[in-house]
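*Asks:* My structure file protein.txt, compact mmCIF, C-alpha atoms, is below:
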```
# COMPACT_ATOMS: atom_id res chain seq x y z
CA MET T 1119 -26.42 12.62 -43.63
CA SER T 1120 -24.10 12.83 -40.69
CA SER T 1121 -24.61 15.09 -37.71
CA ALA T 1122 -21.52 17.00 -38.80
CA THR T 1123 -23.04 17.74 -42.14
CA SER T 1124 -26.13 19.04 -40.44
CA ALA T 1125 -24.05 21.25 -38.21
CA ALA T 1126 -22.65 23.05 -41.25
CA ASP T 1127 -25.98 24.72 -41.89
CA GLN T 1128 -27.44 24.94 -38.44
CA PRO T 1129 -27.88 28.64 -37.69
CA GLN T 1130 -27.01 28.20 -34.05
CA VAL T 1131 -23.71 26.44 -34.78
CA THR T 1132 -21.28 29.28 -35.41
CA ASP T 1133 -17.80 29.07 -36.85
CA SER T 1134 -16.46 29.95 -33.44
CA MET T 1135 -18.24 26.94 -31.88
CA LEU T 1136 -16.88 24.63 -34.57
CA ILE T 1137 -13.34 25.94 -34.06
CA SER T 1138 -13.68 25.32 -30.32
CA ARG T 1139 -14.79 21.75 -31.00
CA ILE T 1140 -11.87 21.24 -33.38
CA ARG T 1141 -9.55 22.38 -30.59
CA ALA T 1142 -11.05 19.61 -28.48
CA GLY T 1143 -10.29 17.08 -31.24
CA ASP T 1144 -13.81 16.81 -32.71
CA GLU T 1145 -13.46 15.44 -36.25
CA ASP T 1146 -17.15 16.06 -37.00
CA ALA T 1147 -16.60 19.76 -36.39
CA LEU T 1148 -13.82 19.83 -39.00
CA ALA T 1149 -16.11 17.99 -41.41
CA ALA T 1150 -18.80 20.60 -40.75
CA LEU T 1151 -16.40 23.44 -41.51
CA HIS T 1152 -15.32 21.64 -44.65
CA ASP T 1153 -18.94 21.37 -45.73
CA ARG T 1154 -19.37 25.05 -45.05
CA TYR T 1155 -16.22 26.47 -46.69
CA ALA T 1156 -14.63 23.87 -48.99
CA GLN T 1157 -16.19 25.60 -51.99
CA VAL T 1158 -14.70 28.96 -50.99
CA VAL T 1159 -11.20 27.55 -50.58
CA TYR T 1160 -11.35 25.31 -53.62
CA SER T 1161 -12.70 27.86 -56.08
CA VAL T 1162 -10.22 30.57 -55.01
CA ALA T 1163 -7.35 28.10 -55.34
CA LEU T 1164 -8.67 26.89 -58.68
CA ARG T 1165 -8.94 30.45 -59.99
CA VAL T 1166 -5.25 30.97 -59.21
CA VAL T 1167 -3.67 27.64 -60.17
CA GLY T 1168 -6.18 26.75 -62.91
CA GLU T 1169 -5.89 23.06 -62.26
CA THR T 1170 -8.36 20.95 -60.26
CA THR T 1171 -5.90 18.48 -58.70
CA ALA T 1172 -3.66 21.26 -57.47
CA ALA T 1173 -6.68 23.16 -56.13
CA GLU T 1174 -7.87 20.04 -54.34
CA ASP T 1175 -4.43 19.60 -52.79
CA ILE T 1176 -4.49 23.17 -51.54
CA LEU T 1177 -7.96 22.61 -50.09
CA GLN T 1178 -6.73 19.51 -48.29
CA GLU T 1179 -3.62 21.25 -47.01
CA ILE T 1180 -5.47 24.26 -45.61
CA PHE T 1181 -8.05 22.18 -43.73
CA LEU T 1182 -5.32 19.93 -42.39
CA GLN T 1183 -3.51 23.00 -41.10
CA LEU T 1184 -6.74 24.14 -39.49
CA TRP T 1185 -7.00 20.74 -37.80
CA ARG T 1186 -3.41 20.84 -36.60
CA LYS T 1187 -3.41 24.46 -35.45
CA PRO T 1188 -6.99 25.62 -34.90
CA GLN T 1189 -5.80 28.09 -32.29
CA THR T 1190 -4.18 30.26 -34.98
CA PHE T 1191 -7.58 31.47 -36.12
CA ASP T 1192 -9.10 33.87 -33.64
CA SER T 1193 -12.79 34.25 -34.40
CA ASN T 1194 -12.82 37.53 -32.49
CA ARG T 1195 -10.53 39.02 -35.10
CA GLY T 1196 -12.41 38.36 -38.29
CA SER T 1197 -14.45 36.16 -40.55
CA LEU T 1198 -13.33 32.57 -41.06
CA ALA T 1199 -14.69 32.46 -44.61
CA ALA T 1200 -12.82 35.60 -45.66
CA TRP T 1201 -9.70 34.43 -43.86
CA LEU T 1202 -9.83 31.08 -45.64
CA ALA T 1203 -10.31 32.82 -48.98
CA VAL T 1204 -7.20 34.95 -48.46
CA ILE T 1205 -5.17 31.98 -47.20
CA ALA T 1206 -6.29 29.91 -50.20
CA ARG T 1207 -5.12 32.65 -52.57
CA HIS T 1208 -1.73 32.93 -50.84
CA ARG T 1209 -1.19 29.17 -50.83
CA ALA T 1210 -2.14 28.94 -54.47
CA ILE T 1211 0.24 31.78 -55.38
CA ASP T 1212 3.01 30.04 -53.42
CA GLN T 1213 2.35 26.90 -55.41
CA LEU T 1214 2.27 28.84 -58.64
CA ARG T 1215 5.64 30.38 -57.82
CA ARG T 1216 6.90 26.96 -56.68
CA ARG T 1217 7.97 28.26 -53.31
CA ARG T 1218 7.44 27.17 -49.76
CA PRO T 1219 4.49 28.68 -47.92
CA GLU T 1220 5.55 31.76 -46.02
CA SER T 1221 4.03 30.37 -42.85
CA ASP T 1222 1.84 27.50 -41.71
CA ILE T 1223 -1.23 29.61 -41.13
CA GLU T 1224 -0.96 33.31 -41.54
CA ASP T 1225 -1.76 35.88 -38.94
CA VAL T 1226 -4.09 38.01 -40.99
CA VAL T 1227 -7.23 39.68 -39.81
CA VAL T 1228 -9.97 39.67 -42.38
CA SER T 1229 -13.23 41.29 -41.42
CA VAL T 1230 -16.21 41.58 -43.74
CA ASP T 1231 -19.53 43.23 -43.24
CA SER T 1232 -21.52 40.28 -44.56
CA ASP T 1233 -22.62 37.16 -42.73
CA LEU T 1234 -20.81 34.31 -44.49
CA GLU T 1235 -21.59 31.47 -42.08
CA GLN T 1236 -24.93 30.43 -43.60
CA THR T 1237 -25.09 29.16 -47.14
CA ALA T 1238 -27.89 31.45 -48.29
CA ASP T 1239 -26.34 34.57 -46.76
CA ARG T 1240 -22.95 33.58 -48.10
CA ASN T 1241 -24.23 33.09 -51.64
CA SER T 1242 -25.99 36.42 -51.49
CA ALA T 1243 -22.88 38.19 -50.18
CA ILE T 1244 -20.68 36.59 -52.83
CA ALA T 1245 -23.03 37.69 -55.57
CA LYS T 1246 -22.89 41.23 -54.23
CA ILE T 1247 -19.11 41.16 -54.08
CA ARG T 1248 -18.90 39.82 -57.62
CA ARG T 1249 -21.06 42.66 -58.88
CA ALA T 1250 -18.87 45.12 -57.01
CA VAL T 1251 -15.74 43.74 -58.67
CA GLU T 1252 -17.40 43.88 -62.05
CA GLN T 1253 -18.23 47.54 -61.45
CA LEU T 1254 -14.60 48.44 -61.00
CA PRO T 1255 -13.13 50.44 -63.88
CA ALA T 1256 -11.31 48.08 -66.20
CA GLU T 1257 -7.99 49.95 -65.81
CA GLN T 1258 -8.17 49.27 -62.06
CA ARG T 1259 -9.68 45.83 -62.12
CA ARG T 1260 -7.21 44.32 -64.60
CA PRO T 1261 -3.95 45.06 -62.70
CA LEU T 1262 -5.64 44.06 -59.44
CA GLU T 1263 -6.73 40.68 -60.81
CA LEU T 1264 -3.33 40.12 -62.43
CA ALA T 1265 -1.65 40.73 -59.10
CA PHE T 1266 -4.14 38.83 -56.99
CA PHE T 1267 -5.14 35.83 -59.08
CA GLN T 1268 -2.09 35.39 -61.30
CA GLY T 1269 0.51 36.41 -58.78
CA LEU T 1270 2.25 38.84 -61.08
CA THR T 1271 4.49 41.40 -59.47
CA HIS T 1272 3.86 45.05 -60.04
CA SER T 1273 6.86 45.16 -62.38
CA GLU T 1274 5.54 42.21 -64.36
CA ILE T 1275 2.14 43.90 -64.64
CA ALA T 1276 3.82 47.10 -65.78
CA ALA T 1277 5.69 45.14 -68.44
CA LYS T 1278 2.55 43.28 -69.50
CA THR T 1279 0.25 46.29 -69.68
CA GLY T 1280 2.81 48.84 -70.76
CA GLU T 1281 1.88 51.09 -67.85
CA PRO T 1282 4.52 52.78 -65.68
CA LEU T 1283 5.26 50.96 -62.41
CA GLY T 1284 3.98 53.85 -60.28
CA THR T 1285 0.70 53.86 -62.19
CA VAL T 1286 0.24 50.13 -61.66
CA LYS T 1287 0.82 50.60 -57.96
CA THR T 1288 -1.65 53.47 -57.75
CA ARG T 1289 -4.32 51.65 -59.76
CA ILE T 1290 -4.15 48.56 -57.61
CA ARG T 1291 -4.47 50.65 -54.48
CA SER T 1292 -7.36 52.61 -56.01
CA ALA T 1293 -9.08 49.39 -57.05
CA LEU T 1294 -9.04 48.12 -53.48
CA MET T 1295 -10.40 51.44 -52.19
CA SER T 1296 -13.15 51.45 -54.83
CA LEU T 1297 -14.12 47.91 -53.95
CA ARG T 1298 -14.53 48.90 -50.35
CA LYS T 1299 -16.64 51.91 -51.27
CA VAL T 1300 -18.92 49.95 -53.59
CA LEU T 1301 -19.53 47.28 -50.95
CA ALA T 1302 -20.12 49.84 -48.23
CA ALA T 1303 -22.66 51.70 -50.36
CA MET F 382 16.26 51.33 -42.52
CA ARG F 383 12.92 52.18 -44.01
CA ASP F 384 10.70 54.75 -42.39
CA HIS F 385 6.97 54.52 -41.72
CA ARG F 386 6.00 56.21 -45.01
CA GLN F 387 7.97 53.68 -47.04
CA PHE F 388 6.32 50.83 -45.17
CA ALA F 389 2.87 52.37 -45.67
CA ASP F 390 3.51 52.71 -49.43
CA ASP F 391 4.35 49.04 -49.75
CA LEU F 392 1.54 47.60 -47.61
CA VAL F 393 -0.33 46.28 -50.69
CA LEU F 394 2.82 44.61 -51.99
CA TYR F 395 3.31 42.95 -48.62
CA ALA F 396 -0.34 41.86 -48.44
CA LEU F 397 -0.03 40.36 -51.94
CA HIS F 398 3.15 38.46 -50.89
CA GLU F 399 5.17 40.29 -53.49
CA LEU F 400 8.02 41.30 -51.23
CA PRO F 401 11.17 39.18 -51.02
CA GLU F 402 11.58 37.34 -47.73
CA ASP F 403 14.10 39.72 -46.16
CA GLN F 404 11.84 42.71 -46.78
CA ALA F 405 8.78 40.74 -45.64
CA ALA F 406 10.51 39.92 -42.35
CA GLU F 407 11.31 43.60 -41.89
CA PHE F 408 7.66 44.36 -42.60
CA ARG F 409 6.42 41.85 -40.02
CA ARG F 410 8.58 43.52 -37.36
CA HIS F 411 7.25 46.94 -38.35
CA LEU F 412 3.63 45.75 -38.15
CA GLU F 413 4.18 44.54 -34.61
CA GLU F 414 5.29 48.01 -33.61
CA CYS F 415 3.05 50.23 -35.76
CA PRO F 416 -0.68 50.09 -34.99
CA GLN F 417 -1.46 52.48 -37.84
CA CYS F 418 0.13 50.22 -40.46
CA ARG F 419 -1.43 47.16 -38.78
CA ARG F 420 -4.90 48.70 -39.16
CA GLU F 421 -4.22 49.60 -42.78
CA PHE F 422 -2.88 46.10 -43.42
CA ASP F 423 -6.03 44.51 -41.95
CA GLU F 424 -8.12 46.79 -44.13
CA ILE F 425 -6.23 45.76 -47.28
CA ASN F 426 -6.62 42.09 -46.37
CA SER F 427 -10.36 42.55 -46.01
CA GLN F 428 -10.48 44.12 -49.48
CA LEU F 429 -8.41 41.28 -50.90
CA ALA F 430 -10.80 38.83 -49.24
CA MET F 431 -13.66 40.48 -51.13
CA LEU F 432 -11.78 39.97 -54.36
CA ALA F 433 -11.07 36.34 -53.46
CA LEU F 434 -14.71 35.68 -52.57
CA SER F 435 -15.78 37.13 -55.91
CA SER F 436 -14.25 34.05 -57.55
CA VAL F 437 -16.25 31.53 -55.52
CA GLY F 438 -18.26 29.21 -57.71
CA SER F 439 -16.71 25.85 -58.37
CA ALA F 440 -17.46 23.14 -55.84
CA PRO F 441 -14.73 20.67 -54.92
CA PRO F 442 -15.13 16.99 -55.81
CA GLN F 443 -17.17 14.96 -53.34
CA ARG F 444 -14.13 12.87 -52.50
CA SER F 445 -12.35 15.86 -50.96
CA ARG F 446 -14.35 15.55 -47.74
CA GLU F 447 -13.62 11.85 -47.36
CA ARG F 448 -9.99 12.45 -48.25
CA LEU F 449 -9.69 15.06 -45.51
CA LEU F 450 -11.34 12.85 -42.88
CA ASN F 451 -9.10 9.92 -43.81
CA ALA F 452 -6.07 12.22 -43.58
CA ILE F 453 -6.89 13.45 -40.09
CA LYS F 454 -7.50 9.88 -38.92
CA ALA F 455 -3.97 9.05 -40.09
CA GLU F 456 -2.55 12.08 -38.29
CA PRO F 457 -0.82 11.52 -34.97
CA ARG F 458 -3.46 12.76 -32.56
CA PRO F 459 -2.33 16.11 -31.29
CA ARG F 460 -2.58 16.68 -27.59
CA ARG F 461 -5.63 18.83 -27.29
CA SER F 462 -5.91 21.02 -24.33
CA ILE F 463 -9.05 22.92 -23.63
CA VAL F 464 -8.18 26.10 -21.84
CA MET F 465 -11.05 27.07 -19.63
CA ARG F 466 -10.91 30.56 -18.35
CA ARG F 467 -11.83 30.34 -14.72
CA PRO F 468 -12.46 33.35 -12.52
CA TRP F 469 -9.62 34.06 -10.09
CA TRP F 470 -11.76 33.30 -7.06
CA SER F 471 -12.43 29.78 -8.25
CA PHE F 472 -8.81 28.99 -7.38
CA VAL F 473 -9.25 30.14 -3.77
CA PRO F 474 -10.46 26.74 -2.39
CA THR F 475 -7.66 24.95 -4.22
CA PHE F 476 -5.13 27.43 -2.95
CA ALA F 477 -6.52 27.24 0.58
CA ALA F 478 -6.47 23.44 0.50
CA ALA F 479 -2.88 23.46 -0.74
CA LEU F 480 -1.94 25.95 1.95
CA LEU F 481 -3.63 23.86 4.65
CA ALA F 482 -1.94 20.71 3.38
CA ALA F 483 1.46 22.46 3.43
CA PHE F 484 0.77 23.82 6.92
CA GLY F 485 -0.37 20.39 8.12
CA LEU F 486 2.75 18.77 6.70
CA MET F 487 4.90 21.36 8.40
CA LEU F 488 3.15 20.75 11.75
CA TRP F 489 3.47 16.98 11.36
CA ARG F 490 7.21 17.24 10.69
CA GLU F 491 7.63 19.59 13.64
CA ASN F 492 5.68 17.16 15.81
CA VAL F 493 7.84 14.23 14.78
CA SER F 494 11.00 16.22 15.44
CA LEU F 495 9.80 17.34 18.88
CA ARG F 496 8.77 13.80 19.77
CA GLN F 497 12.22 12.48 18.83
CA LYS F 498 13.88 15.18 20.92
CA LEU F 499 11.61 14.41 23.88
CA GLU F 500 12.39 10.70 23.68
CA ALA F 501 16.12 11.43 23.55
CA THR F 502 15.83 13.77 26.54
CA GLN F 503 13.84 11.17 28.47
CA GLN F 504 16.47 8.54 27.75
CA GLN F 505 19.24 10.88 28.92
CA SER F 506 17.25 11.74 32.04
CA GLU F 507 16.66 8.06 32.86
CA GLN F 508 20.35 7.29 32.35
CA ARG F 509 21.33 10.16 34.63
CA GLN F 510 18.85 9.04 37.27
CA ALA F 511 20.25 5.52 37.12
CA ASP F 512 23.81 6.87 37.43
CA LEU F 513 22.74 9.04 40.36
CA ASP F 514 21.03 6.13 42.12
CA ARG F 515 24.12 3.99 41.70
CA SER F 516 26.35 6.82 42.96
CA ARG F 517 24.13 7.26 45.99
CA LEU F 518 24.32 3.56 46.78
CA VAL F 519 28.10 3.63 46.51
CA LEU F 520 28.32 6.78 48.56
CA ASP F 521 25.93 5.47 51.19
CA ALA F 522 27.92 2.27 51.49
CA LEU F 523 31.09 4.28 51.98
CA THR F 524 29.79 7.08 54.20
CA SER F 525 26.82 5.81 56.16
CA PRO F 526 27.41 5.29 59.86
CA GLU F 527 25.49 2.08 59.44
CA SER F 528 28.14 0.72 57.09
CA SER F 529 30.78 -1.61 58.40
CA HIS F 530 34.24 -1.20 56.91
CA PHE F 531 36.74 -3.95 56.93
CA ALA F 532 40.35 -3.76 55.91
CA LEU F 533 41.92 -6.93 54.92
CA VAL F 534 45.70 -7.17 55.19
CA SER F 535 48.20 -9.86 55.49
CA THR F 536 47.78 -11.64 58.80
CA LYS F 537 51.54 -11.38 59.29
CA SER F 538 51.66 -7.56 59.32
CA LEU F 539 50.31 -4.99 61.75
CA PRO F 540 47.61 -2.65 60.47
CA VAL F 541 48.98 0.71 59.31
CA PRO F 542 47.09 3.90 58.34
CA GLU F 543 46.04 3.78 54.77
CA GLY F 544 43.71 5.80 52.57
CA LYS F 545 42.28 5.95 49.12
CA ALA F 546 41.53 9.12 47.16
CA SER F 547 39.28 9.16 44.11
CA TYR F 548 39.41 12.36 42.08
CA MET F 549 37.39 13.31 39.00
CA ARG F 550 39.12 16.15 37.14
CA LYS F 551 36.13 17.11 35.05
CA THR F 552 33.79 17.82 37.97
CA GLY F 553 36.31 18.39 40.76
CA THR F 554 34.66 15.64 42.84
CA LEU F 555 36.94 14.09 45.43
CA VAL F 556 36.14 11.09 47.63
CA PHE F 557 38.64 10.06 50.30
CA THR F 558 38.43 7.08 52.62
CA ALA F 559 40.98 6.12 55.27
CA GLN F 560 41.35 3.52 57.98
CA HIS F 561 43.63 2.57 60.80
CA LEU F 562 44.17 6.20 61.64
CA GLU F 563 45.37 7.14 65.01
CA GLY F 564 43.19 9.33 67.15
CA LEU F 565 44.14 13.03 67.40
CA PRO F 566 43.92 15.59 70.20
CA PRO F 567 40.92 17.94 69.83
CA GLU F 568 43.03 20.87 68.54
CA LYS F 569 44.42 18.78 65.68
CA THR F 570 42.92 17.41 62.46
CA TYR F 571 43.99 15.42 59.47
CA GLN F 572 44.22 17.39 56.19
CA LEU F 573 44.29 15.97 52.64
CA TRP F 574 46.50 17.63 50.01
CA LEU F 575 46.66 17.38 46.22
CA ILE F 576 50.25 17.69 45.00
CA PRO F 577 50.14 18.95 41.36
CA LYS F 578 52.29 17.48 38.64
CA ASN F 579 53.46 20.91 37.47
CA GLY F 580 55.34 21.56 40.71
CA THR F 581 53.10 24.33 42.01
CA LYS F 582 52.26 24.43 45.70
CA PRO F 583 50.04 21.73 47.26
CA MET F 584 46.30 22.36 47.17
CA PRO F 585 44.32 21.85 50.43
CA CYS F 586 41.45 19.41 49.81
CA GLY F 587 39.68 19.35 53.18
CA THR F 588 40.09 18.26 56.77
CA PHE F 589 38.70 15.17 58.51
CA LYS F 590 38.81 13.30 61.77
CA PRO F 591 38.65 9.53 62.15
CA ASP F 592 35.93 7.80 64.11
CA ALA F 593 36.51 5.65 67.11
CA ASN F 594 37.64 2.77 64.90
CA GLY F 595 40.18 4.90 63.01
CA ASN F 596 38.04 5.14 59.84
CA ALA F 597 37.36 8.37 58.00
CA VAL F 598 35.37 9.31 54.95
CA MET F 599 35.51 12.71 53.28
CA VAL F 600 33.54 13.72 50.25
CA THR F 601 34.36 17.03 48.57
CA PRO F 602 31.95 17.50 45.63
CA TYR F 603 33.49 20.76 44.43
CA ALA F 604 37.23 20.52 44.89
CA GLU F 605 39.64 22.14 42.41
CA LYS F 606 38.70 21.19 38.81
CA ASP F 607 41.10 20.22 36.04
CA ALA F 608 44.05 19.66 38.33
CA TRP F 609 46.63 17.08 37.32
CA PRO F 610 47.58 15.36 40.61
CA LYS F 611 51.04 13.95 40.98
CA MET F 612 50.01 12.46 44.31
CA PHE F 613 47.74 12.92 47.32
CA ALA F 614 49.08 13.30 50.89
CA VAL F 615 47.70 13.57 54.42
CA THR F 616 49.23 15.68 57.19
CA ILE F 617 48.23 16.59 60.71
CA GLU F 618 47.27 20.25 60.99
CA PRO F 619 45.69 22.62 63.49
CA GLU F 620 41.96 22.14 63.92
CA ASN F 621 40.97 24.75 61.27
CA GLY F 622 43.38 23.44 58.68
CA SER F 623 46.38 25.11 57.00
CA GLN F 624 47.25 26.65 53.65
CA THR F 625 50.54 24.80 53.46
CA PRO F 626 51.17 21.28 54.70
CA THR F 627 52.96 20.73 58.01
CA MET F 628 55.56 17.97 58.02
CA PRO F 629 55.66 15.08 58.49
CA ILE F 630 53.42 13.45 55.92
CA VAL F 631 51.25 10.80 57.51
CA MET F 632 50.20 9.11 54.29
CA ALA F 633 51.02 9.70 50.62
CA GLY F 634 49.95 7.91 47.52
CA LEU F 635 50.71 8.21 43.81
```
What does the file become when written as structure tokens?

*Replies:*
Amino acid sequence: MSSATSAADQPQVTDSMLISRIRAGDEDALAALHDRYAQVVYSVALRVVGETTAAEDILQEIFLQLWRKPQTFDSNRGSLAAWLAVIARHRAIDQLRRRRPESDIEDVVVSVDSDLEQTADRNSAIAKIRRAVEQLPAEQRRPLELAFFQGLTHSEIAAKTGEPLGTVKTRIRSALMSLRKVLAA
Amino acid sequence: MRDHRQFADDLVLYALHELPEDQAAEFRRHLEECPQCRREFDEINSQLAMLALSSVGSAPPQRSRERLLNAIKAEPRPRRSIVMRRPWWSFVPTFAAALLAAFGLMLWRENVSLRQKLEATQQQSEQRQADLDRSRLVLDALTSPESSHFALVSTKSLPVPEGKASYMRKTGTLVFTAQHLEGLPPEKTYQLWLIPKNGTKPMPCGTFKPDANGNAVMVTPYAEKDAWPKMFAVTIEPENGSQTPTMPIVMAGL
């Protein structure tokens, strides 16, 4: 096992440290981040595109972008794991819609209450999040997942579910609020 | 132009990348200016991140790691710069050293310039001293009582009074030498005149008396400057000299 692999699970090696090392051109640091978060990026991308090769390409592309422009992620502004998850979803949706990415690496701030840097903590947090999503009322959860994982527009969801457009909009917003409340509880 | 409320209503659509590019660009500009929408947008992204993380489960193939590392080895190595935030005072020695170096350079250049000027002044001074020494020698030879003056003329002719005037317009210096002059009674003197080219009246240039051998030397360091002489002439005048020449002219020379 390489030293980089070890670094992925060393409690004292934070994401912020690894990003700093990537900025200095440390390939082992990128490998450590890959070990830490490849599963997050890959599984989100796979959920959206539904095809392993495409998901693997998205995984590769996102980590390459992180290598080329590590300065675009500011660890003071959020969680790297959550940020990667959102970026993976957006890239996958772009691929699904066959359009160019809207930007190289997006300036989004994603903060979560959970510690996602260590494998055990991350797995525990993900399990909690999954339960929270499952607890959402079906009429909220379905339009939210259609919008988020399948990239359907609100109009397309309205057409698919037979709900009015305004209702779809409200339910998606409510689903996000409920998710926050369940996790905060 | 959309107002804040319209932007706020569509924040979820923007976060989900559902807006067409022109509207998304408008949204980005609004987020830069509206902290309230920016906070709400960050909040929505965090909620979407939760949803994304809920799907985590499948691990990527083992080859993905190797593929990534091979890809970054093939990348042109970006120029990495590590920006170290240094406290402001850590730049003081550097700044002081730079200031000292600049000051030293300025002093060195000033020194070189002054040295060049001094050398030029010394050269001028030495040249002037040499000119002065030579002038003194010439003047001494002409004016010293110890000098012997000889006039050489044709052996077939009798010696006649003759003189030579040297005039420097720039400084007004006039040197006159004469020989074979006849002696004069005590109440009379010879007087030298400068006759200007422009026809104005003659200028008196000093009086002189010959020695026992009929020789005379007169040096007038500060005669009239910038005159254009047509000729010089010598007349016999009363002992204190005159303002206008008294005829006849004893000697004249162009």

*Asks:* So that I can see what lies close to region 1276-1279 of chain T, please list as a ChimeraX atom specification the residues with an atom at most 10 Å from it, counting all atoms listed in the file and leaving out residues fewer than 4 positions away in the same chain.

*Replies:* /T:1257,1260-1261,1264,1270-1272,1283-1287

*Asks:* Within 8 Å of chain F, which residues of chain T are there when counting all atoms listed in the file? Please give them as a ChimeraX atom specification.

*Replies:* /T:1141-1143,1145,1149,1152-1153,1156-1158,1160-1162,1165,1174,1178,1181-1182,1185-1186,1200-1201,1203-1204,1207-1208,1226-1230,1244-1245,1247-1248,1251,1265-1266,1269,1271,1291,1294-1295,1297-1298

*Asks:* May I have the centre and edge lengths, in Å to one decimal, of an axis-aligned box around the listed atoms of region 1258-1274 of chain T with 6 Å added to every side, as JSON?

*Replies:*
```
{"center_x": -1.4, "center_y": 42.3, "center_z": -60.8, "size_x": 28.5, "size_y": 25.9, "size_z": 19.6}
```

*Asks:* Using only C-alpha atoms, can you list as a list of chain:residue names the residues within 12 Å of (44.6, 7.5, 65.9)?

*Replies:*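 Every residue inside that radius is included here: F:Pro540, F:Val541, F:Pro542, F:Glu543, F:Ala559, F:Gln560, F:His561, F:Leu562, F:Glu563, F:Gly564, F:Leu565, F:Pro566, F:Pro567, F:Lys569, F:Thr570, F:Tyr571, F:Lys590, F:Pro591, F:Asp592, F:Ala593, F:Asn594, F:Gly595, F:Asn596, F:Ala597, F:Ile617, F:Val631.
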
*Asks:* Between CA of Cys586 (chain F) and CA of Ala604 (chain F), measure the distance and give it in Å to one decimal.

*Replies:*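 One can read the CA of Cys586 (chain F) to CA of Ala604 (chain F) distance as 6.6 Å.
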
*Asks:* Report, in Å with one decimal, the straight-line distance from CA of Pro401 (chain F) to CA of Gln1213 (chain T).

*Replies:* 15.7 Å

*Asks:* Do you have the CA of Lys1187 (chain T)-CA of Leu1151 (chain T) distance handy?

*Replies:* 14.4 Å

*Asks:* Can you tell me which residues surround Met584 (chain F) at a distance of at most 10 Å, considering only C-alpha atoms, apart from same-chain residues fewer than 6 positions away, and format the answer as a PyMOL selection string?

*Replies:* chain F and resi 573-577+604-605+608+610+613+624-626

*Asks:* Ranking F:Gln387, F:Gln572, F:Asn492, F:Gln508 by minimum distance to Gln404 (chain F) and counting only C-alpha atoms, which one comes first?

*Replies:* F:Gln387
